[in-house]
Amino acid sequence: MINMSKTIKRIGSRRNEHRVLKGVIYVQASFNNTIVTATDVRGQVLSWSSAGACGFKGTRRGTPFAAQTAAENVIRALMDRGMERVEVMISGPGRGRDTALRTIRRSGILLSFVRDVTPMPHNGCRPPKKRRV
């Protein structure tokens, strides 16, 4: 006898997918990749995308165009959820940070504020010893 409750899988989207009106978009731009994550105000992830997940490989993941594509993917998912207002947190020194922000601005979603949350060391850790070749 097969337990049917475990074999039945739900196909498609959830029926009770709730509308989210306000959220936070995190843009993490490194030199090699750009990761865009959208959460609600409580911090639960609604959607995410990265340059690598969009099909870019190697050094092209760090380009501004790859960051733009990743941001567009996340925004499309948020528009389907009915998001109207977002806060943007940008982190990292990568080339995709400005392009991702420009894409979010153009999308029609209202921005509450944009904050740079790049961690800055206050001379904390000791640097590694010099290389001897």
# chains A, B, ... in the order shown; residues from 1 in each chain; ligands from 1

call {"tool": "residues_around", "arguments": {"residues": "range 103-117 of chain A", "least_positions_apart": "6", "cutoff": "6 Å", "atoms": "only C-alpha atoms", "output": "number ranges by chain"}}
result
A: 84-91

call {"tool": "select_by_dssp", "arguments": {"residues": "chain A", "states": "alpha helix (DSSP H)", "output": "VMD selection string"}}
result
chain A and resid 4 to 7 64 to 81 97 to 106

call {"tool": "atom_distance", "arguments": {"atom1": "CA of Thr99 in chain A", "atom2": "CA of Gln28 in chain A"}}
result
12.2 Å

call {"tool": "residues_around", "arguments": {"residues": "Val20 in chain A", "least_positions_apart": "2", "cutoff": "8 Å", "atoms": "only C-alpha atoms", "output": "ChimeraX atom specification"}}
result
/A:18,22-23,40,81-83

call {"tool": "atom_distance", "arguments": {"atom1": "CA of Ser47 in chain A", "atom2": "CA of Val74 in chain A"}}
result
6.0 Å

call {"tool": "select_by_dssp", "arguments": {"residues": "chain A", "states": "strand (DSSP E)", "output": "count of residues only"}}
result
35

call {"tool": "residues_around", "arguments": {"residues": "Ala53 in chain A", "least_positions_apart": "5", "cutoff": "12 Å", "atoms": "only C-alpha atoms", "output": "VMD selection string"}}
result
chain A and resid 33 to 36 48 61 66 to 67 69 to 71 73 to 74

call {"tool": "write_last_selection", "arguments": {"atoms": "N, CA and C atoms", "output": "mmCIF file, in the first residue's frame"}}
result
data_model
loop_
_atom_site.group_PDB
_atom_site.id
_atom_site.type_symbol
_atom_site.label_atom_id
_atom_site.label_comp_id
_atom_site.auth_asym_id
_atom_site.auth_seq_id
_atom_site.Cartn_x
_atom_site.Cartn_y
_atom_site.Cartn_z
ATOM 1 N N ASN A 33 30.486 39.228 -8.882
ATOM 2 C CA ASN A 33 29.081 38.888 -9.033
ATOM 3 C C ASN A 33 28.235 39.965 -8.377
ATOM 4 N N THR A 34 26.957 40.019 -8.734
ATOM 5 C CA THR A 34 26.000 40.918 -8.089
ATOM 6 C C THR A 34 24.788 40.108 -7.694
ATOM 7 N N ILE A 35 24.432 40.144 -6.417
ATOM 8 C CA ILE A 35 23.300 39.385 -5.893
ATOM 9 C C ILE A 35 22.241 40.375 -5.433
ATOM 10 N N VAL A 36 21.017 40.217 -5.915
ATOM 11 C CA VAL A 36 19.900 41.093 -5.556
ATOM 12 C C VAL A 36 18.871 40.242 -4.831
ATOM 13 N N TRP A 48 14.903 36.386 -5.180
ATOM 14 C CA TRP A 48 16.320 36.739 -5.286
ATOM 15 C C TRP A 48 16.804 36.380 -6.676
ATOM 16 N N ARG A 61 30.044 38.133 -15.090
ATOM 17 C CA ARG A 61 29.122 38.256 -13.958
ATOM 18 C C ARG A 61 29.302 39.570 -13.221
ATOM 19 N N ALA A 66 25.034 42.618 -16.338
ATOM 20 C CA ALA A 66 24.612 41.427 -15.599
ATOM 21 C C ALA A 66 23.847 41.830 -14.340
ATOM 22 N N ALA A 67 24.286 42.899 -13.672
ATOM 23 C CA ALA A 67 23.594 43.386 -12.483
ATOM 24 C C ALA A 67 22.209 43.913 -12.842
ATOM 25 N N THR A 69 20.320 42.881 -15.321
ATOM 26 C CA THR A 69 19.468 41.727 -15.604
ATOM 27 C C THR A 69 18.986 41.069 -14.316
ATOM 28 N N ALA A 70 19.880 40.946 -13.332
ATOM 29 C CA ALA A 70 19.499 40.350 -12.044
ATOM 30 C C ALA A 70 18.450 41.203 -11.342
ATOM 31 N N ALA A 71 18.624 42.526 -11.367
ATOM 32 C CA ALA A 71 17.666 43.425 -10.721
ATOM 33 C C ALA A 71 16.307 43.365 -11.419
ATOM 34 N N ASN A 73 14.994 40.803 -12.948
ATOM 35 C CA ASN A 73 14.336 39.550 -12.572
ATOM 36 C C ASN A 73 13.633 39.676 -11.224
ATOM 37 N N VAL A 74 14.310 40.289 -10.258
ATOM 38 C CA VAL A 74 13.731 40.440 -8.920
ATOM 39 C C VAL A 74 12.531 41.384 -8.972
#
